[in-house]
>>> print(open('upload03.cif').read())   # mmCIF, C-alpha atoms and all ligand atoms
data_model
loop_
_atom_site.label_atom_id
_atom_site.label_comp_id
_atom_site.auth_asym_id
_atom_site.auth_seq_id
_atom_site.Cartn_x
_atom_site.Cartn_y
_atom_site.Cartn_z
CA MET A 1 18.14 -18.95 -20.36
CA THR A 2 14.69 -17.72 -21.43
CA LYS A 3 14.10 -14.11 -20.53
CA SER A 4 10.99 -13.61 -18.46
CA ILE A 5 9.09 -10.51 -17.48
CA LEU A 6 6.21 -9.84 -15.10
CA ILE A 7 3.85 -7.08 -16.21
CA SER A 8 1.93 -6.10 -13.10
CA ARG A 9 -1.05 -4.61 -14.95
CA GLY A 10 -2.39 -4.15 -18.50
CA LEU A 11 -0.42 -2.17 -21.06
CA SER A 12 -1.48 -0.91 -24.48
CA ASP A 13 -1.63 -3.63 -27.15
CA GLY A 14 0.97 -1.92 -29.35
CA ALA A 15 3.51 -2.02 -26.52
CA LEU A 16 2.80 -5.68 -25.75
CA ALA A 17 3.29 -6.48 -29.44
CA LEU A 18 6.93 -5.33 -29.09
CA MET A 19 7.72 -8.34 -26.92
CA PRO A 20 9.93 -10.76 -28.85
CA ARG A 21 8.63 -14.34 -29.14
CA ASP A 22 11.50 -15.71 -27.09
CA VAL A 23 10.57 -13.59 -24.05
CA SER A 24 8.17 -15.22 -21.63
CA VAL A 25 5.60 -12.73 -20.36
CA ASP A 26 3.41 -13.09 -17.29
CA LEU A 27 0.74 -10.40 -17.61
CA ASN A 28 -1.77 -9.51 -14.91
CA GLY A 29 -4.69 -8.74 -17.19
CA HIS A 30 -7.05 -7.83 -14.34
CA GLU A 31 -8.16 -4.32 -13.41
CA ILE A 32 -7.10 -4.86 -9.81
CA PRO A 33 -3.43 -4.52 -8.82
CA LEU A 34 -1.63 -7.63 -7.63
CA THR A 35 -1.56 -8.02 -3.88
CA ARG A 36 1.88 -7.94 -2.33
CA GLN A 37 1.86 -11.74 -1.95
CA GLU A 38 0.80 -12.18 -5.60
CA LEU A 39 3.48 -9.76 -6.75
CA LEU A 40 6.21 -11.57 -4.81
CA ALA A 41 5.01 -14.99 -5.95
CA ARG A 42 4.66 -14.09 -9.64
CA LEU A 43 7.96 -12.17 -9.72
CA ALA A 44 9.92 -15.25 -8.58
CA GLY A 45 12.19 -16.42 -11.40
CA LYS A 46 11.68 -13.25 -13.53
CA GLN A 47 14.48 -10.93 -14.64
CA GLY A 48 12.24 -8.01 -15.54
CA LEU A 49 9.32 -6.22 -13.90
CA ILE A 50 7.14 -3.67 -15.67
CA CYS A 51 5.10 -2.00 -12.96
CA GLN A 52 2.73 0.83 -12.18
CA ILE A 53 2.69 3.48 -9.44
CA THR A 54 0.29 1.35 -7.40
CA ASP A 55 2.99 -1.33 -6.98
CA ILE A 56 5.21 -0.78 -3.95
CA ILE A 57 8.67 -1.96 -4.96
CA ASP A 58 10.61 -2.10 -1.72
CA ASP A 59 13.72 -3.99 -0.67
CA GLU A 60 11.82 -7.24 -0.13
CA VAL A 61 10.50 -7.17 -3.71
CA LEU A 62 13.91 -6.15 -5.03
CA ALA A 63 15.47 -9.13 -3.24
CA THR A 64 13.88 -11.44 -5.85
CA PRO A 65 16.83 -13.56 -7.07
CA GLY A 66 17.86 -12.77 -10.66
CA LEU A 67 15.81 -9.55 -10.97
CA LYS A 68 17.68 -7.13 -13.24
CA VAL A 69 15.29 -4.32 -14.09
CA VAL A 70 12.26 -2.52 -12.70
CA SER A 71 10.57 -0.51 -15.43
CA ASN A 72 8.00 1.91 -14.00
CA VAL A 73 5.21 3.05 -16.33
CA ALA A 74 5.34 6.61 -14.93
CA VAL A 75 7.81 9.45 -14.67
CA GLY A 76 7.44 9.60 -10.86
CA TYR A 77 9.14 6.69 -9.09
CA ASN A 78 8.33 7.35 -5.44
CA ASN A 79 6.79 3.85 -5.34
CA ILE A 80 10.26 2.31 -5.78
CA ASP A 81 13.08 2.13 -3.24
CA VAL A 82 15.70 3.41 -5.67
CA ASP A 83 18.55 3.29 -3.12
CA ALA A 84 17.85 -0.39 -2.41
CA ALA A 85 17.77 -1.09 -6.17
CA LYS A 86 21.13 0.65 -6.58
CA ARG A 87 22.62 -1.41 -3.74
CA ARG A 88 21.38 -4.59 -5.40
CA GLY A 89 22.58 -3.57 -8.87
CA ILE A 90 19.03 -3.52 -10.26
CA THR A 91 18.28 -0.93 -12.94
CA VAL A 92 15.24 1.29 -12.43
CA THR A 93 13.68 3.10 -15.38
CA ASN A 94 10.78 5.54 -15.77
CA THR A 95 8.88 7.26 -18.60
CA PRO A 96 9.85 10.95 -18.69
CA ASP A 97 9.13 13.40 -21.56
CA VAL A 98 6.43 11.34 -23.31
CA LEU A 99 3.83 12.51 -20.77
CA THR A 100 5.04 16.07 -20.19
CA GLU A 101 2.67 17.96 -22.48
CA THR A 102 -0.38 15.83 -21.63
CA THR A 103 0.19 16.36 -17.91
CA ALA A 104 0.73 20.09 -18.38
CA ASP A 105 -2.52 20.28 -20.38
CA PHE A 106 -4.36 18.66 -17.50
CA ALA A 107 -2.82 20.93 -14.85
CA TRP A 108 -4.21 23.78 -16.95
CA ALA A 109 -7.58 22.06 -17.22
CA LEU A 110 -7.74 21.94 -13.41
CA LEU A 111 -6.56 25.54 -13.13
CA MET A 112 -9.20 26.81 -15.55
CA ALA A 113 -11.95 24.62 -14.10
CA ALA A 114 -11.23 25.83 -10.55
CA ALA A 115 -10.88 29.48 -11.59
CA ARG A 116 -14.05 29.55 -13.70
CA ARG A 117 -16.08 27.07 -11.61
CA VAL A 118 -16.68 24.76 -14.56
CA VAL A 119 -17.74 21.74 -12.50
CA GLU A 120 -20.20 23.75 -10.40
CA ALA A 121 -21.54 25.26 -13.64
CA ASP A 122 -22.01 21.82 -15.18
CA ARG A 123 -23.91 20.60 -12.11
CA TYR A 124 -26.09 23.72 -12.13
CA ALA A 125 -26.84 23.46 -15.86
CA ARG A 126 -28.05 19.87 -15.44
CA SER A 127 -29.95 20.47 -12.20
CA GLY A 128 -33.07 22.14 -13.56
CA GLN A 129 -32.36 25.26 -11.44
CA TRP A 130 -31.40 27.27 -14.53
CA THR A 131 -34.61 29.12 -15.26
CA THR A 132 -33.23 32.46 -16.48
CA TRP A 133 -29.93 34.10 -17.38
CA LYS A 134 -28.49 35.79 -14.30
CA TRP A 135 -25.72 38.38 -14.42
CA ASP A 136 -24.34 37.42 -11.00
CA LEU A 137 -24.33 33.67 -11.58
CA LEU A 138 -21.17 31.68 -10.73
CA TRP A 139 -18.61 34.44 -10.85
CA GLY A 140 -15.08 33.13 -11.00
CA VAL A 141 -11.65 34.74 -11.12
CA ASP A 142 -9.71 35.87 -14.18
CA VAL A 143 -6.70 33.91 -15.36
CA TYR A 144 -5.52 36.23 -18.12
CA GLY A 145 -2.84 38.68 -16.97
CA LYS A 146 -2.50 37.17 -13.48
CA THR A 147 0.55 35.68 -11.73
CA LEU A 148 1.30 31.97 -12.05
CA GLY A 149 3.63 30.36 -9.51
CA VAL A 150 5.25 27.10 -10.60
CA LEU A 151 6.79 25.07 -7.80
CA GLY A 152 9.18 22.56 -9.41
CA PHE A 153 10.48 23.87 -12.72
CA GLY A 154 11.40 20.62 -14.41
CA ARG A 155 9.91 19.18 -17.59
CA ILE A 156 6.23 19.51 -16.62
CA GLY A 157 6.61 22.74 -14.63
CA ARG A 158 8.20 24.43 -17.64
CA ALA A 159 5.51 23.08 -19.98
CA VAL A 160 2.88 24.56 -17.66
CA ALA A 161 4.75 27.89 -17.67
CA ARG A 162 4.94 27.85 -21.49
CA ARG A 163 1.15 27.71 -21.69
CA ALA A 164 0.96 30.83 -19.49
CA LEU A 165 2.59 32.87 -22.27
CA GLY A 166 -0.72 32.70 -24.14
CA PHE A 167 -2.51 34.13 -21.11
CA ASP A 168 -0.04 37.00 -20.81
CA MET A 169 0.77 35.94 -17.25
CA ARG A 170 3.64 36.87 -15.01
CA VAL A 171 5.40 33.60 -14.13
CA LEU A 172 7.27 33.05 -10.87
CA TYR A 173 9.03 29.77 -10.31
CA HIS A 174 10.95 27.97 -7.61
CA ASP A 175 13.16 24.89 -7.97
CA THR A 176 16.24 23.41 -6.33
CA VAL A 177 18.29 25.03 -9.10
CA ARG A 178 17.77 28.21 -11.06
CA SER A 179 17.17 27.68 -14.79
CA ALA A 180 19.52 29.03 -17.45
CA PRO A 181 18.91 32.67 -18.48
CA ASP A 182 17.70 31.65 -21.97
CA VAL A 183 15.06 29.35 -20.42
CA GLU A 184 13.90 32.13 -18.09
CA ARG A 185 13.75 34.59 -21.00
CA SER A 186 11.87 32.23 -23.33
CA LEU A 187 9.27 31.46 -20.65
CA ASN A 188 9.16 34.99 -19.25
CA ALA A 189 9.78 33.39 -15.85
CA THR A 190 11.38 34.84 -12.73
CA TYR A 191 13.18 32.74 -10.11
CA VAL A 192 12.00 33.46 -6.55
CA ASP A 193 12.18 31.71 -3.20
CA LYS A 194 9.28 29.47 -2.22
CA ASP A 195 7.81 31.96 0.28
CA THR A 196 7.70 34.76 -2.28
CA LEU A 197 6.06 32.46 -4.81
CA LEU A 198 3.36 31.42 -2.34
CA ARG A 199 2.77 35.01 -1.22
CA GLU A 200 2.56 36.59 -4.67
CA ALA A 201 1.03 33.99 -7.01
CA ASP A 202 -2.65 34.02 -7.97
CA PHE A 203 -2.27 30.41 -9.15
CA VAL A 204 0.19 27.98 -7.56
CA SER A 205 0.85 24.84 -9.60
CA LEU A 206 2.90 22.00 -8.06
CA HIS A 207 5.35 20.03 -10.20
CA VAL A 208 8.04 18.77 -7.81
CA LEU A 209 8.70 15.06 -7.45
CA LEU A 210 7.60 13.37 -4.22
CA SER A 211 10.53 12.84 -1.85
CA ALA A 212 11.23 13.13 1.86
CA GLU A 213 11.96 16.84 1.27
CA THR A 214 8.78 17.58 -0.67
CA ARG A 215 6.32 15.64 1.51
CA HIS A 216 3.92 18.28 2.92
CA LEU A 217 5.82 21.03 1.10
CA VAL A 218 2.43 22.75 1.07
CA ASP A 219 1.39 22.62 4.72
CA GLU A 220 -0.76 24.84 6.91
CA ARG A 221 1.91 27.54 7.08
CA ALA A 222 2.27 27.59 3.29
CA LEU A 223 -1.50 27.71 2.76
CA ARG A 224 -1.91 30.55 5.25
CA SER A 225 0.78 32.53 3.42
CA MET A 226 -1.07 32.37 0.08
CA LYS A 227 -3.49 35.04 -1.19
CA LYS A 228 -7.10 34.61 -0.11
CA SER A 229 -7.98 34.72 -3.82
CA ALA A 230 -5.35 32.07 -4.76
CA VAL A 231 -6.01 28.80 -6.56
CA LEU A 232 -3.80 25.75 -5.81
CA VAL A 233 -3.28 23.07 -8.47
CA ASN A 234 -1.73 19.69 -7.69
CA ALA A 235 -1.13 17.34 -10.62
CA ALA A 236 2.13 16.01 -9.13
CA ARG A 237 1.73 13.70 -6.11
CA GLY A 238 -0.83 13.85 -3.28
CA PRO A 239 1.50 13.78 -0.24
CA ILE A 240 3.19 17.00 -1.41
CA VAL A 241 0.14 18.73 0.12
CA ASP A 242 -1.09 18.27 3.68
CA GLU A 243 -4.60 17.31 2.64
CA ALA A 244 -6.23 17.90 6.04
CA ALA A 245 -4.76 21.40 6.12
CA LEU A 246 -5.93 22.00 2.54
CA ALA A 247 -9.48 20.95 3.40
CA ARG A 248 -9.49 23.50 6.24
CA ALA A 249 -7.96 26.15 3.99
CA LEU A 250 -10.72 25.66 1.42
CA ARG A 251 -13.54 25.42 3.95
CA GLU A 252 -12.39 28.46 5.94
CA LYS A 253 -11.41 30.37 2.76
CA TRP A 254 -7.72 30.93 3.51
CA ILE A 255 -7.46 30.33 -0.25
CA ALA A 256 -10.20 30.51 -2.88
CA ALA A 257 -10.08 27.17 -4.66
CA ALA A 258 -8.06 24.12 -5.65
CA GLY A 259 -7.76 21.70 -8.55
CA LEU A 260 -6.50 18.26 -7.53
CA ASP A 261 -5.58 15.25 -9.63
CA VAL A 262 -3.75 13.48 -6.82
CA PHE A 263 -4.45 12.74 -3.17
CA GLU A 264 -2.49 11.91 -0.07
CA HIS A 265 -3.98 8.43 0.44
CA GLU A 266 -5.25 7.44 -3.01
CA PRO A 267 -7.82 6.27 -3.83
CA LYS A 268 -9.19 7.71 -0.58
CA ILE A 269 -9.97 11.40 -0.56
CA HIS A 270 -10.03 13.33 2.70
CA PRO A 271 -13.72 13.33 3.72
CA ASP A 272 -13.64 17.07 4.47
CA LEU A 273 -12.83 17.81 0.80
CA LEU A 274 -15.83 15.94 -0.58
CA PRO A 275 -18.61 18.41 0.33
CA LEU A 276 -16.68 21.49 -0.82
CA ASP A 277 -17.71 23.31 -4.03
CA ASN A 278 -14.42 25.18 -4.33
CA VAL A 279 -12.35 22.12 -5.21
CA VAL A 280 -12.26 20.33 -8.55
CA MET A 281 -11.07 16.74 -8.27
CA ALA A 282 -9.93 14.06 -10.69
CA PRO A 283 -8.84 10.44 -10.08
CA HIS A 284 -5.14 10.75 -10.99
CA ILE A 285 -5.62 11.06 -14.76
CA ALA A 286 -3.26 13.90 -15.71
CA SER A 287 -1.29 11.75 -18.17
CA ALA A 288 -4.32 9.74 -19.29
CA SER A 289 -4.67 10.47 -22.99
CA PHE A 290 -4.75 7.65 -25.53
CA ASP A 291 -1.52 8.70 -27.28
CA THR A 292 0.37 9.26 -24.05
CA ARG A 293 -0.65 5.96 -22.51
CA VAL A 294 0.60 4.20 -25.67
CA ALA A 295 3.87 6.16 -25.53
CA MET A 296 4.37 5.42 -21.81
CA SER A 297 3.71 1.69 -22.29
CA THR A 298 6.01 1.52 -25.31
CA LEU A 299 8.86 3.28 -23.53
CA ALA A 300 8.49 1.06 -20.47
CA VAL A 301 8.64 -2.10 -22.60
CA LYS A 302 11.68 -0.81 -24.54
CA ASN A 303 13.48 0.08 -21.29
CA CYS A 304 12.88 -3.37 -19.85
CA LEU A 305 13.95 -5.20 -23.02
CA ALA A 306 17.08 -3.07 -23.40
CA VAL A 307 18.35 -4.00 -19.94
CA LEU A 308 17.57 -7.69 -20.47
CA ASP A 309 19.50 -7.49 -23.76
CA GLY A 310 22.49 -6.04 -21.91
CA LYS A 311 22.03 -2.60 -23.48
CA PRO A 312 21.62 0.77 -21.76
CA PRO A 313 17.96 1.63 -21.12
CA LEU A 314 16.52 4.68 -22.87
CA THR A 315 15.45 6.48 -19.70
CA PRO A 316 17.16 5.16 -16.57
CA VAL A 317 16.48 6.53 -13.09
CA THR A 318 19.58 4.77 -11.75
P1 LIG B 1 11.30 16.69 -13.32
O1 LIG B 1 11.65 17.16 -14.68
O2 LIG B 1 12.29 15.88 -12.54
O3 LIG B 1 10.86 17.97 -12.46
C1 LIG B 1 10.77 18.00 -11.06
C2 LIG B 1 11.48 19.27 -10.61
O4 LIG B 1 11.22 19.49 -9.22
C3 LIG B 1 13.01 19.17 -10.78
O5 LIG B 1 13.50 20.32 -11.45
C4 LIG B 1 13.48 19.10 -9.33
O6 LIG B 1 14.76 19.60 -9.15
C5 LIG B 1 12.44 19.95 -8.64
N1 LIG B 1 12.45 19.78 -7.19
C6 LIG B 1 12.75 18.68 -6.47
N2 LIG B 1 12.66 18.95 -5.16
C7 LIG B 1 12.30 20.26 -5.05
C8 LIG B 1 12.05 21.12 -3.95
N3 LIG B 1 12.15 20.70 -2.70
N4 LIG B 1 11.72 22.41 -4.22
C9 LIG B 1 11.63 22.85 -5.49
N5 LIG B 1 11.85 22.08 -6.57
C10 LIG B 1 12.18 20.80 -6.35
O7 LIG B 1 9.98 15.81 -13.35
P2 LIG B 1 8.69 16.01 -14.30
O8 LIG B 1 8.79 15.13 -15.47
O9 LIG B 1 8.45 17.47 -14.48
O10 LIG B 1 7.58 15.39 -13.32
C11 LIG B 1 7.31 15.99 -12.06
C12 LIG B 1 6.41 15.11 -11.22
O11 LIG B 1 5.09 15.16 -11.73
C13 LIG B 1 6.76 13.61 -11.24
O12 LIG B 1 7.77 13.30 -10.30
C14 LIG B 1 5.45 12.95 -10.91
O13 LIG B 1 5.37 12.67 -9.52
C15 LIG B 1 4.40 13.99 -11.28
N6 LIG B 1 3.51 13.54 -12.37
C16 LIG B 1 2.20 13.32 -12.10
C17 LIG B 1 1.35 12.91 -13.12
C18 LIG B 1 -0.11 12.65 -12.85
O14 LIG B 1 -0.68 11.78 -13.50
N7 LIG B 1 -0.75 13.40 -11.98
C19 LIG B 1 1.85 12.71 -14.41
C20 LIG B 1 3.19 12.95 -14.64
C21 LIG B 1 4.01 13.36 -13.61
P3 LIG B 1 16.00 18.54 -9.09
O15 LIG B 1 16.08 17.92 -10.45
O16 LIG B 1 17.17 19.35 -8.73
O17 LIG B 1 15.63 17.53 -8.02
#
>>> encode(input="upload03.cif", output="structure tokens")
Amino acid sequence: MTKSILISRGLSDGALALMPRDVSVDLNGHEIPLTRQELLARLAGKQGLICQITDIIDDEVLATPGLKVVSNVAVGYNNIDVDAAKRRGITVTNTPDVLTETTADFAWALLMAAARRVVEADRYARSGQWTTWKWDLLWGVDVYGKTLGVLGFGRIGRAVARRALGFDMRVLYHDTVRSAPDVERSLNATYVDKDTLLREADFVSLHVLLSAETRHLVDERALRSMKKSAVLVNAARGPIVDEAALARALREKWIAAAGLDVFEHEPKIHPDLLPLDNVVMAPHIASASFDTRVAMSTLAVKNCLAVLDGKPPLTPVT
């Protein structure tokens, strides 16, 4: 039987070139994601699906007869009902590691931009208001020598912590499990409970996965427990933060600033965040470098092909 794969949205050309001639590929080449009806209709008769985080892969989608593998082009897989896939014997794969450093770079870009008010400065420089050098213009907060709190000390959280070594920062971290002593030593990181991290960190960077447990992990109580001078960075998933509470926290100055790559109801942004100067926002681009997008696409294609060839995938979730 001919192997057939649905690719829900464009991938890099190099990754598409890996597809063997005998595999039939149905590629959605449009910018816009497939609607649910289109996804269900085009998936019929396919054994493989290569999808993006905008595709909701629930039990109804997974019920497609003959479907063997769902290959997500992302490390996070909160868009997929993994338990339903397991029940149905469908393999789910993701793209860990290849995006770790790029995402950590961007979390730092948000941290620095929020701390040093880079976006406000850019707007001011272009506005025509800059008529003379002013010593009290756009003061920010120092990063060097401060305390970084990393919530979720997995691949990306650790990569973020590693960058803090160059800023001579104290690093506090919290995770479901404590890291090995050699990891803590090499990253100069101290394991603390979540409340201590929130209370003591000057910068709180979120790197947990999105799950039922981590939804609104940063809620009003958490925000009120942070320093008034603190900066929150979220380059993980939007629903980890209660966005309405964050908008209040920023407006009423419970915390100083935030850097956000992700939002609770993407692509919508809470309207109360939009007028605020003390938040730097990006449209979910933390892993969006040329090299990393190629690597993510390539890994997703290889995962899908491996399963269809009856081999173990490179990076399975289940
Ligand atoms: P990872 O290695 O699995 O790290 C996640 C860490 O969070 C794990 O150590 C996990 O522990 C921990 N964790 C889970 N629940 C927790 C909780 N309640 N409290 C504290 N720690 C908890 O994943 P990663 O590769 O670093 O990626 C992390 C997330 O970043 C992804 O899931 C994705 O959503 C997001 N991401 C976003 C972008 C973007 O474009 N903005 C790009 C890449 C990744 P356990 O292993 O014990 O569960």
>>> residues_near_ligand(input="upload03.cif", ligand="ligand LIG 1 (chain B)", cutoff="8 Å", atoms="only C-alpha atoms and all ligand atoms", output="number ranges by chain")
A: 74-78, 96-97, 99-100, 103, 151-158, 174-177, 194, 207-211, 213-214, 217, 234-237, 261-262, 284-288
>>> write_last_selection(input="upload03.cif", atoms="C-alpha atoms", output="JSON list (two decimals), in the frame of the given file")
[["chain", "number", "residue", "atom", "x", "y", "z"],
["A", 74, "ALA", "CA", 5.34, 6.61, -14.93],
["A", 75, "VAL", "CA", 7.81, 9.45, -14.67],
["A", 76, "GLY", "CA", 7.44, 9.60, -10.86],
["A", 77, "TYR", "CA", 9.14, 6.69, -9.09],
["A", 78, "ASN", "CA", 8.33, 7.35, -5.44],
["A", 96, "PRO", "CA", 9.85, 10.95, -18.69],
["A", 97, "ASP", "CA", 9.13, 13.40, -21.56],
["A", 99, "LEU", "CA", 3.83, 12.51, -20.77],
["A", 100, "THR", "CA", 5.04, 16.07, -20.19],
["A", 103, "THR", "CA", 0.19, 16.36, -17.91],
["A", 151, "LEU", "CA", 6.79, 25.07, -7.80],
["A", 152, "GLY", "CA", 9.18, 22.56, -9.41],
["A", 153, "PHE", "CA", 10.48, 23.87, -12.72],
["A", 154, "GLY", "CA", 11.40, 20.62, -14.41],
["A", 155, "ARG", "CA", 9.91, 19.18, -17.59],
["A", 156, "ILE", "CA", 6.23, 19.51, -16.62],
["A", 157, "GLY", "CA", 6.61, 22.74, -14.63],
["A", 158, "ARG", "CA", 8.20, 24.43, -17.64],
["A", 174, "HIS", "CA", 10.95, 27.97, -7.61],
["A", 175, "ASP", "CA", 13.16, 24.89, -7.97],
["A", 176, "THR", "CA", 16.24, 23.41, -6.33],
["A", 177, "VAL", "CA", 18.29, 25.03, -9.10],
["A", 194, "LYS", "CA", 9.28, 29.47, -2.22],
["A", 207, "HIS", "CA", 5.35, 20.03, -10.20],
["A", 208, "VAL", "CA", 8.04, 18.77, -7.81],
["A", 209, "LEU", "CA", 8.70, 15.06, -7.45],
["A", 210, "LEU", "CA", 7.60, 13.37, -4.22],
["A", 211, "SER", "CA", 10.53, 12.84, -1.85],
["A", 213, "GLU", "CA", 11.96, 16.84, 1.27],
["A", 214, "THR", "CA", 8.78, 17.58, -0.67],
["A", 217, "LEU", "CA", 5.82, 21.03, 1.10],
["A", 234, "ASN", "CA", -1.73, 19.69, -7.69],
["A", 235, "ALA", "CA", -1.13, 17.34, -10.62],
["A", 236, "ALA", "CA", 2.13, 16.01, -9.13],
["A", 237, "ARG", "CA", 1.73, 13.70, -6.11],
["A", 261, "ASP", "CA", -5.58, 15.25, -9.63],
["A", 262, "VAL", "CA", -3.75, 13.48, -6.82],
["A", 284, "HIS", "CA", -5.14, 10.75, -10.99],
["A", 285, "ILE", "CA", -5.62, 11.06, -14.76],
["A", 286, "ALA", "CA", -3.26, 13.90, -15.71],
["A", 287, "SER", "CA", -1.29, 11.75, -18.17],
["A", 288, "ALA", "CA", -4.32, 9.74, -19.29]]
>>> closest_residue(input="upload03.cif", among="A:Val160, A:Ile56, A:Ala256, A:Met226", to="Ala109 (chain A)", atoms="only C-alpha atoms")
A:Val160
>>> atom_distance(input="upload03.cif", atom1="CA of Arg123 (chain A)", atom2="CA of Asn278 (chain A)")
13.1 Å
>>> residues_around(input="upload03.cif", residues="region 84-90 of chain A", least_positions_apart="5", cutoff="8 Å", atoms="only C-alpha atoms", output="PyMOL selection string")
chain A and resi 58-59+62-63+67-70+318
>>> atom_distance(input="upload03.cif", atom1="CA of Val294 (chain A)", atom2="CA of Ile80 (chain A)")
22.2 Å
>>> axis_aligned_box(input="upload03.cif", around="region 187-198 of chain A", padding_each_side="8 Å", output="AutoDock Vina command-line options")
--center_x 8.3 --center_y 32.2 --center_z -10.2 --size_x 25.8 --size_y 21.5 --size_z 36.9
>>> atom_distance(input="upload03.cif", atom1="CA of Trp108 (chain A)", atom2="CA of Leu11 (chain A)")
26.5 Å
>>> closest_residue(input="upload03.cif", among="A:Thr196, A:Ser205, A:Ser8, A:Gln129", to="Ala161 (chain A)", atoms="only C-alpha atoms")
A:Ser205
>>> closest_residue(input="upload03.cif", among="A:Leu314, A:Val143, A:Leu305, A:Val279", to="Leu16 (chain A)", atoms="only C-alpha atoms")
A:Leu305
>>> residues_around(input="upload03.cif", residues="Asp277 (chain A)", least_positions_apart="3", cutoff="9 Å", atoms="only C-alpha atoms", output="PDB file with C-alpha atoms, in the frame of the given file")
ATOM      1  CA  ARG A 117     -16.080  27.070 -11.610  1.00  0.00           C
ATOM      2  CA  VAL A 119     -17.740  21.740 -12.500  1.00  0.00           C
ATOM      3  CA  GLU A 120     -20.200  23.750 -10.400  1.00  0.00           C
ATOM      4  CA  ALA A 257     -10.080  27.170  -4.660  1.00  0.00           C
ATOM      5  CA  LEU A 273     -12.830  17.810   0.800  1.00  0.00           C
ATOM      6  CA  LEU A 274     -15.830  15.940  -0.580  1.00  0.00           C
ATOM      7  CA  VAL A 280     -12.260  20.330  -8.550  1.00  0.00           C
TER       8      VAL A 280
END
>>> closest_residue(input="upload03.cif", among="A:Leu43, A:Ala258, A:Lys228, A:Ser289", to="Glu101 (chain A)", atoms="all atoms listed in the file")
A:Ser289
>>> closest_residue(input="upload03.cif", among="A:Gln47, A:Glu31, A:Ala164, A:Asp13", to="Asp309 (chain A)", atoms="all atoms listed in the file")
A:Gln47
>>> closest_residue(input="upload03.cif", among="A:Leu34, A:Arg215, A:Ile53, A:Gly259", to="Pro239 (chain A)", atoms="only C-alpha atoms")
A:Arg215
>>> residues_around(input="upload03.cif", residues="Thr54 (chain A)", least_positions_apart="4", cutoff="10 Å", atoms="only C-alpha atoms", output="PyMOL selection string")
chain A and resi 8-9+32-34+79+266
>>> residues_near_point(input="upload03.cif", point="(12.1, -15.8, -16.1)", cutoff="8 Å", atoms="all atoms listed in the file", output="JSON, numbers by chain")
{"A": [2, 3, 4, 5, 24, 44, 45, 46, 47, 48]}
